[in-house]
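Student: Below is work09.csv; it holds CSV, C-alpha atoms.
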```csv
chain,number,residue,atom,x,y,z
X,1,MET,CA,7.7,-5.3,-47.8
X,2,ALA,CA,5.2,-5.3,-44.9
X,3,VAL,CA,4.0,-1.8,-45.7
X,4,ALA,CA,3.6,-2.7,-49.4
X,5,ALA,CA,1.6,-5.8,-48.6
X,6,ALA,CA,-0.6,-3.8,-46.2
X,7,VAL,CA,-1.2,-1.2,-48.9
X,8,ALA,CA,-2.1,-4.0,-51.4
X,9,ARG,CA,-4.7,-5.2,-48.9
X,10,GLY,CA,-6.2,-1.7,-48.7
X,11,HIS,CA,-4.8,-0.7,-45.3
X,12,ASP,CA,-3.6,2.9,-44.6
X,13,PRO,CA,0.3,2.8,-44.4
X,14,ASN,CA,0.2,5.6,-41.8
X,15,LEU,CA,-1.7,3.3,-39.4
X,16,ILE,CA,0.7,0.3,-39.7
X,17,GLY,CA,1.9,-0.8,-36.3
X,18,LEU,CA,-0.4,1.4,-34.3
X,19,ASP,CA,-2.4,-1.6,-33.1
X,20,ALA,CA,0.9,-3.1,-31.7
X,21,VAL,CA,1.8,0.1,-30.0
X,22,HIS,CA,-1.6,1.2,-28.6
X,23,ASP,CA,-3.3,-2.0,-27.4
X,24,GLY,CA,-5.1,0.0,-24.7
X,25,PRO,CA,-4.2,0.4,-21.0
X,26,ALA,CA,-1.6,-1.9,-19.5
X,27,PRO,CA,-2.8,-4.7,-17.3
X,28,LYS,CA,-3.4,-3.8,-13.7
X,29,ARG,CA,-0.6,-6.1,-12.5
X,30,ILE,CA,1.9,-4.1,-14.6
X,31,VAL,CA,0.5,-0.7,-13.5
X,32,THR,CA,0.5,-1.7,-9.8
X,33,GLY,CA,4.0,-3.1,-10.0
X,34,TYR,CA,5.3,0.0,-11.7
X,35,GLY,CA,3.7,2.3,-9.2
X,36,PHE,CA,5.1,0.3,-6.3
X,37,TRP,CA,8.5,0.5,-7.8
X,38,ILE,CA,8.2,4.3,-7.7
X,39,PHE,CA,7.4,4.0,-4.0
X,40,LEU,CA,10.4,1.7,-3.4
X,41,LEU,CA,12.7,4.1,-5.1
X,42,SER,CA,11.5,7.0,-2.9
X,43,ASP,CA,12.1,4.8,0.1
X,44,MET,CA,15.7,4.1,-1.2
X,45,VAL,CA,16.2,7.9,-1.5
X,46,MET,CA,15.2,8.2,2.2
X,47,PHE,CA,17.6,5.5,3.3
X,48,SER,CA,20.3,7.1,1.2
X,49,CYS,CA,19.9,10.2,3.2
X,50,PHE,CA,20.2,8.2,6.4
X,51,PHE,CA,23.4,6.5,5.1
X,52,ALA,CA,24.9,9.9,4.2
X,53,ALA,CA,24.1,11.3,7.7
X,54,TYR,CA,25.7,8.2,9.3
X,55,ALA,CA,28.8,8.5,7.2
X,56,VAL,CA,29.2,12.2,8.2
X,57,LEU,CA,28.6,11.5,11.9
X,58,LEU,CA,30.6,8.2,12.1
X,59,GLY,CA,33.4,9.8,14.1
X,60,GLN,CA,31.3,12.1,16.2
X,61,THR,CA,31.3,9.9,19.3
X,62,ALA,CA,31.6,12.8,21.8
X,63,GLY,CA,34.3,10.8,23.7
X,64,GLY,CA,32.0,7.8,23.9
X,65,PRO,CA,32.3,4.3,22.5
X,66,GLY,CA,32.4,3.7,18.8
X,67,GLY,CA,31.2,0.8,16.7
X,68,ALA,CA,34.3,-1.3,17.4
X,69,GLU,CA,33.4,-1.3,21.1
X,70,LEU,CA,29.7,-1.7,20.7
X,71,PHE,CA,28.9,-4.1,17.8
X,72,ASN,CA,28.5,-7.8,18.3
X,73,LEU,CA,29.2,-9.2,14.8
X,74,ARG,CA,28.1,-12.7,15.8
X,75,ASN,CA,24.5,-11.5,16.6
X,76,VAL,CA,24.5,-9.3,13.5
X,77,ALA,CA,25.6,-12.3,11.3
X,78,LEU,CA,22.6,-14.2,12.8
X,79,GLU,CA,20.3,-11.3,12.0
X,80,THR,CA,21.6,-11.2,8.4
X,81,ALA,CA,21.1,-15.0,8.0
X,82,CYS,CA,17.5,-14.8,9.3
X,83,LEU,CA,16.6,-11.9,6.9
X,84,LEU,CA,18.3,-13.5,3.8
X,85,ALA,CA,16.7,-16.8,4.5
X,86,SER,CA,13.3,-15.0,4.8
X,87,SER,CA,13.9,-13.6,1.3
X,88,PHE,CA,14.3,-17.2,0.0
X,89,THR,CA,11.1,-18.4,1.7
X,90,CYS,CA,9.3,-15.3,0.4
X,91,GLY,CA,10.4,-16.4,-3.1
X,92,MET,CA,9.0,-19.8,-2.4
X,93,ALA,CA,5.7,-18.2,-1.4
X,94,SER,CA,5.7,-16.3,-4.7
X,95,ILE,CA,6.1,-19.6,-6.6
X,96,ALA,CA,3.3,-21.2,-4.6
X,97,ALA,CA,1.1,-18.2,-5.4
X,98,GLU,CA,1.8,-18.6,-9.1
X,99,VAL,CA,0.7,-22.2,-9.1
X,100,ARG,CA,-2.1,-21.4,-6.6
X,101,SER,CA,-0.9,-23.9,-3.9
X,102,HIS,CA,-2.6,-22.7,-0.7
X,103,LEU,CA,-0.8,-25.1,1.5
X,104,TRP,CA,2.8,-24.3,0.4
X,105,PHE,CA,1.9,-20.6,0.2
X,106,GLN,CA,0.9,-20.6,3.9
X,107,ILE,CA,3.9,-22.7,4.9
X,108,ALA,CA,6.4,-20.5,3.1
X,109,MET,CA,4.8,-17.3,4.4
X,110,ALA,CA,4.7,-18.7,8.0
X,111,VAL,CA,8.4,-19.5,7.8
X,112,THR,CA,9.1,-16.0,6.4
X,113,CYS,CA,7.2,-14.5,9.3
X,114,ILE,CA,9.1,-16.5,11.9
X,115,LEU,CA,12.4,-15.5,10.4
X,116,GLY,CA,11.3,-11.8,10.3
X,117,LEU,CA,10.3,-12.0,13.9
X,118,ALA,CA,13.6,-13.6,14.8
X,119,PHE,CA,15.4,-10.8,13.1
X,120,LEU,CA,13.3,-8.2,15.0
X,121,SER,CA,13.9,-10.0,18.3
X,122,ILE,CA,17.7,-10.0,17.9
X,123,GLU,CA,17.6,-6.3,16.9
X,124,PHE,CA,15.5,-5.4,19.8
X,125,HIS,CA,17.8,-7.1,22.3
X,126,GLU,CA,20.8,-5.3,20.6
X,127,PHE,CA,19.1,-1.9,21.1
X,128,ALA,CA,18.1,-2.8,24.7
X,129,ASP,CA,21.7,-3.9,25.5
X,130,LEU,CA,23.2,-0.7,24.0
X,131,VAL,CA,20.8,1.5,26.0
X,132,ALA,CA,21.6,-0.5,29.2
X,133,ARG,CA,25.3,0.2,28.6
X,134,GLY,CA,24.7,3.9,28.4
X,135,ALA,CA,25.0,4.0,24.6
X,136,GLY,CA,21.5,5.2,23.7
X,137,PRO,CA,20.7,7.5,20.8
X,138,SER,CA,21.2,10.6,23.0
X,139,ARG,CA,24.8,9.6,23.9
X,140,SER,CA,26.4,11.0,20.8
X,141,ALA,CA,25.7,12.1,17.2
X,142,PHE,CA,27.2,8.8,16.0
X,143,LEU,CA,24.7,6.8,18.0
X,144,SER,CA,21.8,9.0,17.0
X,145,ALA,CA,22.6,8.3,13.3
X,146,PHE,CA,23.0,4.6,14.1
X,147,PHE,CA,19.7,4.2,15.9
X,148,THR,CA,17.9,6.3,13.2
X,149,LEU,CA,19.3,4.2,10.3
X,150,VAL,CA,19.0,0.8,11.8
X,151,GLY,CA,15.8,1.5,13.7
X,152,CYS,CA,14.1,2.8,10.5
X,153,HIS,CA,14.9,-0.4,8.8
X,154,GLY,CA,13.6,-2.3,11.8
X,155,LEU,CA,10.3,-0.4,11.6
X,156,HIS,CA,10.0,-1.3,7.9
X,157,VAL,CA,10.5,-5.0,8.8
X,158,SER,CA,7.9,-4.7,11.5
X,159,GLY,CA,5.4,-3.2,9.0
X,160,GLY,CA,6.3,-5.8,6.5
X,161,THR,CA,5.6,-8.6,9.0
X,162,LEU,CA,2.1,-7.1,9.7
X,163,TRP,CA,1.6,-6.9,5.9
X,164,LEU,CA,2.7,-10.5,5.6
X,165,LEU,CA,0.1,-11.7,8.2
X,166,THR,CA,-2.6,-9.7,6.4
X,167,MET,CA,-1.7,-11.4,3.1
X,168,MET,CA,-1.9,-14.8,4.7
X,169,ALA,CA,-5.3,-14.0,6.1
X,170,GLN,CA,-6.6,-12.7,2.7
X,171,VAL,CA,-5.4,-15.7,0.8
X,172,PHE,CA,-6.9,-18.0,3.4
X,173,ALA,CA,-10.3,-16.2,3.2
X,174,LYS,CA,-10.5,-15.2,-0.4
X,175,GLY,CA,-8.0,-17.3,-2.3
X,176,PHE,CA,-5.7,-16.2,-5.1
X,177,ARG,CA,-7.9,-13.5,-6.6
X,178,ALA,CA,-6.3,-11.1,-9.1
X,179,ASP,CA,-6.4,-8.2,-6.7
X,180,ILE,CA,-4.8,-10.3,-3.9
X,181,GLN,CA,-2.1,-11.5,-6.4
X,182,ARG,CA,-1.3,-7.8,-7.1
X,183,ARG,CA,-1.0,-7.0,-3.4
X,184,PHE,CA,1.2,-10.0,-2.9
X,185,LEU,CA,3.4,-8.8,-5.7
X,186,CYS,CA,3.9,-5.5,-3.9
X,187,PHE,CA,4.6,-7.2,-0.6
X,188,ALA,CA,7.3,-9.5,-2.3
X,189,LEU,CA,9.0,-6.4,-3.8
X,190,PHE,CA,8.9,-4.7,-0.5
X,191,TRP,CA,10.4,-7.6,1.4
X,192,HIS,CA,13.2,-8.2,-1.0
X,193,ALA,CA,14.0,-4.5,-1.0
X,194,LEU,CA,14.4,-4.7,2.8
X,195,ASP,CA,17.0,-7.4,2.3
X,196,ILE,CA,18.9,-5.3,-0.1
X,197,ILE,CA,18.9,-2.4,2.3
X,198,TRP,CA,20.0,-4.6,5.1
X,199,VAL,CA,23.0,-5.9,3.1
X,200,ALA,CA,24.1,-2.3,2.8
X,201,VAL,CA,23.5,-1.7,6.6
X,202,PHE,CA,25.5,-4.8,7.4
X,203,SER,CA,28.4,-3.8,5.2
X,204,VAL,CA,28.5,-0.1,5.9
X,205,VAL,CA,27.4,0.2,9.5
X,206,TYR,CA,28.6,-3.1,11.1
X,207,LEU,CA,31.5,-4.4,9.1
X,208,LEU,CA,33.2,-1.0,8.5
X,209,GLY,CA,32.1,0.3,11.9
X,210,SER,CA,33.7,-2.6,13.7
X,211,ALA,CA,36.9,-2.2,11.7
X,212,ALA,CA,37.2,1.5,12.5
```
Could you express the structure from this file as structure tokens?
Tutor:
Amino acid sequence: MAVAAAVARGHDPNLIGLDAVHDGPAPKRIVTGYGFWIFLLSDMVMFSCFFAAYAVLLGQTAGGPGGAELFNLRNVALETACLLASSFTCGMASIAAEVRSHLWFQIAMAVTCILGLAFLSIEFHEFADLVARGAGPSRSAFLSAFFTLVGCHGLHVSGGTLWLLTMMAQVFAKGFRADIQRRFLCFALFWHALDIIWVAVFSVVYLLGSAA
């Protein structure tokens, strides 16, 4: 019916629907988000390799301590709470950015930063305690895999915290321009991805490791 009506109006039926399919290039926000998802997927592949290496080397303690003797689940639970809460406050910052509320954006981002720094502080003290107890990364293959996997995630959180501070400064100086909104979209995707990876670390490394 639509084609017949279009022909009656003098339109070429072979071109029907082309305007809906080919409206030109996608908006920059969509292109940026899609490209950043590709980066995140490549990051997930890297972490998958680290998880696989950890699973293979889990029992290679070289006569040294394993996860059950080393892990403090109370501190790890506190780390997890900090990072998951930071994901919530990052979501609040996203809402504030959508409605262009400078005050609430800065408050939500500041709380996210504090929670991220708290996570890093707990993790740093955990690593320092393990090294002081003679359980550094060179002690066994198991500990090498542990420090590589957890430490790589910690480096990502450190980089994300610096990115967060940069976003706060850019919004303060330039407001919610379209390019800054796109950068914040990428930051939010990155930060939430770190939470997803940490849930896997918490479950596979700490919970299963403590039970072994």
Student: For Cys90 of chain X, which of X:Ala200, X:Met109, X:Ala173, X:Leu78 is the closest residue, counting all atoms listed in the file?
Tutor: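 Among the listed residues, the smallest separation from Cys90 of chain X belongs to X:Met109.
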Student: Quick one: pull the distance between atom CA of Gly175 of chain X and atom CA of Cys113 of chain X, Å, one decimal.
Tutor: 19.3 Å
Student: Which polymer residues have any atom within 12 Å of an atom of Ser48 of chain X, counting only C-alpha atoms, with same-chain residues fewer than 5 positions away left out, as a PDB file with C-alpha atoms, keeping the file's coordinate frame?
Tutor:
```pdb
ATOM      1  CA  LEU X  41      12.700   4.100  -5.100  1.00  0.00           C
ATOM      2  CA  SER X  42      11.500   7.000  -2.900  1.00  0.00           C
ATOM      3  CA  ASP X  43      12.100   4.800   0.100  1.00  0.00           C
ATOM      4  CA  ALA X  53      24.100  11.300   7.700  1.00  0.00           C
ATOM      5  CA  TYR X  54      25.700   8.200   9.300  1.00  0.00           C
ATOM      6  CA  ALA X  55      28.800   8.500   7.200  1.00  0.00           C
ATOM      7  CA  LEU X 149      19.300   4.200  10.300  1.00  0.00           C
ATOM      8  CA  CYS X 152      14.100   2.800  10.500  1.00  0.00           C
ATOM      9  CA  HIS X 153      14.900  -0.400   8.800  1.00  0.00           C
ATOM     10  CA  ILE X 197      18.900  -2.400   2.300  1.00  0.00           C
ATOM     11  CA  ALA X 200      24.100  -2.300   2.800  1.00  0.00           C
ATOM     12  CA  VAL X 201      23.500  -1.700   6.600  1.00  0.00           C
ATOM     13  CA  VAL X 204      28.500  -0.100   5.900  1.00  0.00           C
TER      14      VAL X 204
END
```
Student: To one decimal place, how far is atom CA of Gly159 of chain X from atom CA of Cys82 of chain X in Å?
Tutor: 16.8 Å
Student: Would you pick out the contacts of Leu164 of chain X at 12 Å or less, using only C-alpha atoms, so that residues sharing its chain but fewer than 5 positions from it are not included, and give the list as a PyMOL selection string?
Tutor: chain X and resi 86+90+93+105-106+108-117+156-159+169-171+183-188+190-191
Student: Which polymer residues, whether protein, DNA or RNA, lie within 8 Å of the coordinate (33.6, -3.8, 14.0) when you count all atoms listed in the file? List them as a ChimeraX atom specification, using the chain letters and numbers from the file.
Tutor: /X:67-69,71-73,206-212
Student: Determine, counting only C-alpha atoms, which protein, DNA and RNA residues have an atom within 12 Å of an atom of Ile30 of chain X; residues of the same chain fewer than 4 positions away are not included. Present the result as a list in words.
Tutor: Pro25, Ala26, Tyr34, Gly35, Phe36, Trp37, Gln181, Arg182, Arg183, Leu185 and Cys186 of chain X
Student: What does the distance between atom CA of Glu79 of chain X and atom CA of Phe119 of chain X come to in Å, to one decimal place?
Tutor: 5.0 Å
Student: Between X:Thr32, X:Gln60, X:Ser87, X:Thr80, which residue has the minimum interatomic distance to His192 of chain X, considering all atoms listed in the file?
Tutor: X:Ser87
Student: I need the residue nearest Gly154 of chain X from this list: X:Phe124, X:Phe47, X:Phe172, X:Phe142. Use all atoms listed in the file for the distance.
Tutor: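 When distances to Gly154 of chain X are compared using all atoms listed in the file, the smallest one comes from X:Phe124.
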Student: When you count only C-alpha atoms, which of these residues is closest to Phe147 of chain X: X:Phe51, X:Phe88, X:Phe39, X:Trp104?
Tutor: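 Smallest separation from Phe147 of chain X among the options: X:Phe51.
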Student: Give the answer as one residue: which of X:Ala85, X:Leu155, X:Ala62, X:Ile38 has the shortest atom-to-atom distance to Ala135 of chain X, using all atoms listed in the file?
Tutor: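 Distance minimum relative to Ala135 of chain X lands on X:Ala62.
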Student: What would segment 177-203 of chain X look like with N, CA, C and O atoms restored, written as a PDB file, in the coordinates of the input?
Tutor:
```pdb
ATOM      1  N   ARG X 177      -7.262 -14.419  -5.700  1.00  0.00           N
ATOM      2  CA  ARG X 177      -7.900 -13.500  -6.600  1.00  0.00           C
ATOM      3  C   ARG X 177      -6.899 -12.580  -7.268  1.00  0.00           C
ATOM      4  O   ARG X 177      -5.792 -12.404  -6.752  1.00  0.00           O
ATOM      5  N   ALA X 178      -7.288 -11.963  -8.377  1.00  0.00           N
ATOM      6  CA  ALA X 178      -6.300 -11.100  -9.100  1.00  0.00           C
ATOM      7  C   ALA X 178      -5.875  -9.940  -8.250  1.00  0.00           C
ATOM      8  O   ALA X 178      -4.690  -9.586  -8.255  1.00  0.00           O
ATOM      9  N   ASP X 179      -6.797  -9.323  -7.480  1.00  0.00           N
ATOM     10  CA  ASP X 179      -6.400  -8.200  -6.700  1.00  0.00           C
ATOM     11  C   ASP X 179      -5.461  -8.607  -5.538  1.00  0.00           C
ATOM     12  O   ASP X 179      -4.520  -7.885  -5.182  1.00  0.00           O
ATOM     13  N   ILE X 180      -5.675  -9.792  -4.988  1.00  0.00           N
ATOM     14  CA  ILE X 180      -4.800 -10.300  -3.900  1.00  0.00           C
ATOM     15  C   ILE X 180      -3.428 -10.652  -4.498  1.00  0.00           C
ATOM     16  O   ILE X 180      -2.397 -10.427  -3.846  1.00  0.00           O
ATOM     17  N   GLN X 181      -3.412 -11.181  -5.693  1.00  0.00           N
ATOM     18  CA  GLN X 181      -2.100 -11.500  -6.400  1.00  0.00           C
ATOM     19  C   GLN X 181      -1.330 -10.180  -6.554  1.00  0.00           C
ATOM     20  O   GLN X 181      -0.108 -10.165  -6.367  1.00  0.00           O
ATOM     21  N   ARG X 182      -2.010  -9.095  -6.908  1.00  0.00           N
ATOM     22  CA  ARG X 182      -1.300  -7.800  -7.100  1.00  0.00           C
ATOM     23  C   ARG X 182      -0.755  -7.315  -5.745  1.00  0.00           C
ATOM     24  O   ARG X 182       0.365  -6.791  -5.680  1.00  0.00           O
ATOM     25  N   ARG X 183      -1.526  -7.455  -4.690  1.00  0.00           N
ATOM     26  CA  ARG X 183      -1.000  -7.000  -3.400  1.00  0.00           C
ATOM     27  C   ARG X 183       0.154  -7.855  -2.934  1.00  0.00           C
ATOM     28  O   ARG X 183       1.110  -7.332  -2.348  1.00  0.00           O
ATOM     29  N   PHE X 184       0.097  -9.145  -3.222  1.00  0.00           N
ATOM     30  CA  PHE X 184       1.200 -10.000  -2.900  1.00  0.00           C
ATOM     31  C   PHE X 184       2.472  -9.632  -3.661  1.00  0.00           C
ATOM     32  O   PHE X 184       3.597  -9.687  -3.148  1.00  0.00           O
ATOM     33  N   LEU X 185       2.294  -9.272  -4.928  1.00  0.00           N
ATOM     34  CA  LEU X 185       3.400  -8.800  -5.700  1.00  0.00           C
ATOM     35  C   LEU X 185       4.101  -7.626  -5.078  1.00  0.00           C
ATOM     36  O   LEU X 185       5.338  -7.586  -4.972  1.00  0.00           O
ATOM     37  N   CYS X 186       3.312  -6.675  -4.609  1.00  0.00           N
ATOM     38  CA  CYS X 186       3.900  -5.500  -3.900  1.00  0.00           C
ATOM     39  C   CYS X 186       4.584  -5.897  -2.653  1.00  0.00           C
ATOM     40  O   CYS X 186       5.670  -5.391  -2.342  1.00  0.00           O
ATOM     41  N   PHE X 187       3.974  -6.803  -1.887  1.00  0.00           N
ATOM     42  CA  PHE X 187       4.600  -7.200  -0.600  1.00  0.00           C
ATOM     43  C   PHE X 187       5.968  -7.895  -0.929  1.00  0.00           C
ATOM     44  O   PHE X 187       6.958  -7.628  -0.231  1.00  0.00           O
ATOM     45  N   ALA X 188       6.020  -8.768  -1.945  1.00  0.00           N
ATOM     46  CA  ALA X 188       7.300  -9.500  -2.300  1.00  0.00           C
ATOM     47  C   ALA X 188       8.352  -8.459  -2.658  1.00  0.00           C
ATOM     48  O   ALA X 188       9.511  -8.581  -2.241  1.00  0.00           O
ATOM     49  N   LEU X 189       7.986  -7.469  -3.471  1.00  0.00           N
ATOM     50  CA  LEU X 189       9.000  -6.400  -3.800  1.00  0.00           C
ATOM     51  C   LEU X 189       9.465  -5.706  -2.610  1.00  0.00           C
ATOM     52  O   LEU X 189      10.666  -5.443  -2.471  1.00  0.00           O
ATOM     53  N   PHE X 190       8.554  -5.376  -1.702  1.00  0.00           N
ATOM     54  CA  PHE X 190       8.900  -4.700  -0.500  1.00  0.00           C
ATOM     55  C   PHE X 190       9.866  -5.487   0.378  1.00  0.00           C
ATOM     56  O   PHE X 190      10.889  -4.986   0.864  1.00  0.00           O
ATOM     57  N   TRP X 191       9.543  -6.750   0.555  1.00  0.00           N
ATOM     58  CA  TRP X 191      10.400  -7.600   1.400  1.00  0.00           C
ATOM     59  C   TRP X 191      11.759  -7.808   0.868  1.00  0.00           C
ATOM     60  O   TRP X 191      12.746  -7.764   1.604  1.00  0.00           O
ATOM     61  N   HIS X 192      11.854  -8.034  -0.432  1.00  0.00           N
ATOM     62  CA  HIS X 192      13.200  -8.200  -1.000  1.00  0.00           C
ATOM     63  C   HIS X 192      13.979  -6.904  -0.989  1.00  0.00           C
ATOM     64  O   HIS X 192      15.204  -6.936  -0.825  1.00  0.00           O
ATOM     65  N   ALA X 193      13.302  -5.762  -1.117  1.00  0.00           N
ATOM     66  CA  ALA X 193      14.000  -4.500  -1.000  1.00  0.00           C
ATOM     67  C   ALA X 193      14.591  -4.298   0.381  1.00  0.00           C
ATOM     68  O   ALA X 193      15.692  -3.751   0.538  1.00  0.00           O
ATOM     69  N   LEU X 194      13.872  -4.755   1.410  1.00  0.00           N
ATOM     70  CA  LEU X 194      14.400  -4.700   2.800  1.00  0.00           C
ATOM     71  C   LEU X 194      15.673  -5.487   2.934  1.00  0.00           C
ATOM     72  O   LEU X 194      16.588  -5.088   3.663  1.00  0.00           O
ATOM     73  N   ASP X 195      15.734  -6.624   2.264  1.00  0.00           N
ATOM     74  CA  ASP X 195      17.000  -7.400   2.300  1.00  0.00           C
ATOM     75  C   ASP X 195      18.124  -6.696   1.664  1.00  0.00           C
ATOM     76  O   ASP X 195      19.250  -6.723   2.174  1.00  0.00           O
ATOM     77  N   ILE X 196      17.863  -6.046   0.537  1.00  0.00           N
ATOM     78  CA  ILE X 196      18.900  -5.300  -0.100  1.00  0.00           C
ATOM     79  C   ILE X 196      19.444  -4.174   0.757  1.00  0.00           C
ATOM     80  O   ILE X 196      20.660  -3.956   0.886  1.00  0.00           O
ATOM     81  N   ILE X 197      18.517  -3.464   1.393  1.00  0.00           N
ATOM     82  CA  ILE X 197      18.900  -2.400   2.300  1.00  0.00           C
ATOM     83  C   ILE X 197      19.720  -2.929   3.465  1.00  0.00           C
ATOM     84  O   ILE X 197      20.725  -2.339   3.885  1.00  0.00           O
ATOM     85  N   TRP X 198      19.301  -4.079   3.984  1.00  0.00           N
ATOM     86  CA  TRP X 198      20.000  -4.600   5.100  1.00  0.00           C
ATOM     87  C   TRP X 198      21.446  -5.051   4.759  1.00  0.00           C
ATOM     88  O   TRP X 198      22.366  -4.921   5.572  1.00  0.00           O
ATOM     89  N   VAL X 199      21.637  -5.564   3.553  1.00  0.00           N
ATOM     90  CA  VAL X 199      23.000  -5.900   3.100  1.00  0.00           C
ATOM     91  C   VAL X 199      23.877  -4.656   3.165  1.00  0.00           C
ATOM     92  O   VAL X 199      25.050  -4.707   3.586  1.00  0.00           O
ATOM     93  N   ALA X 200      23.314  -3.514   2.753  1.00  0.00           N
ATOM     94  CA  ALA X 200      24.100  -2.300   2.800  1.00  0.00           C
ATOM     95  C   ALA X 200      24.330  -1.863   4.274  1.00  0.00           C
ATOM     96  O   ALA X 200      25.426  -1.403   4.621  1.00  0.00           O
ATOM     97  N   VAL X 201      23.316  -2.025   5.141  1.00  0.00           N
ATOM     98  CA  VAL X 201      23.500  -1.700   6.600  1.00  0.00           C
ATOM     99  C   VAL X 201      24.573  -2.596   7.171  1.00  0.00           C
ATOM    100  O   VAL X 201      25.461  -2.132   7.897  1.00  0.00           O
ATOM    101  N   PHE X 202      24.504  -3.882   6.887  1.00  0.00           N
ATOM    102  CA  PHE X 202      25.500  -4.800   7.400  1.00  0.00           C
ATOM    103  C   PHE X 202      26.901  -4.475   6.986  1.00  0.00           C
ATOM    104  O   PHE X 202      27.843  -4.521   7.788  1.00  0.00           O
ATOM    105  N   SER X 203      27.044  -4.104   5.713  1.00  0.00           N
ATOM    106  CA  SER X 203      28.400  -3.800   5.200  1.00  0.00           C
ATOM    107  C   SER X 203      28.911  -2.477   5.671  1.00  0.00           C
ATOM    108  O   SER X 203      30.059  -2.379   6.133  1.00  0.00           O
TER     109      SER X 203
END
```
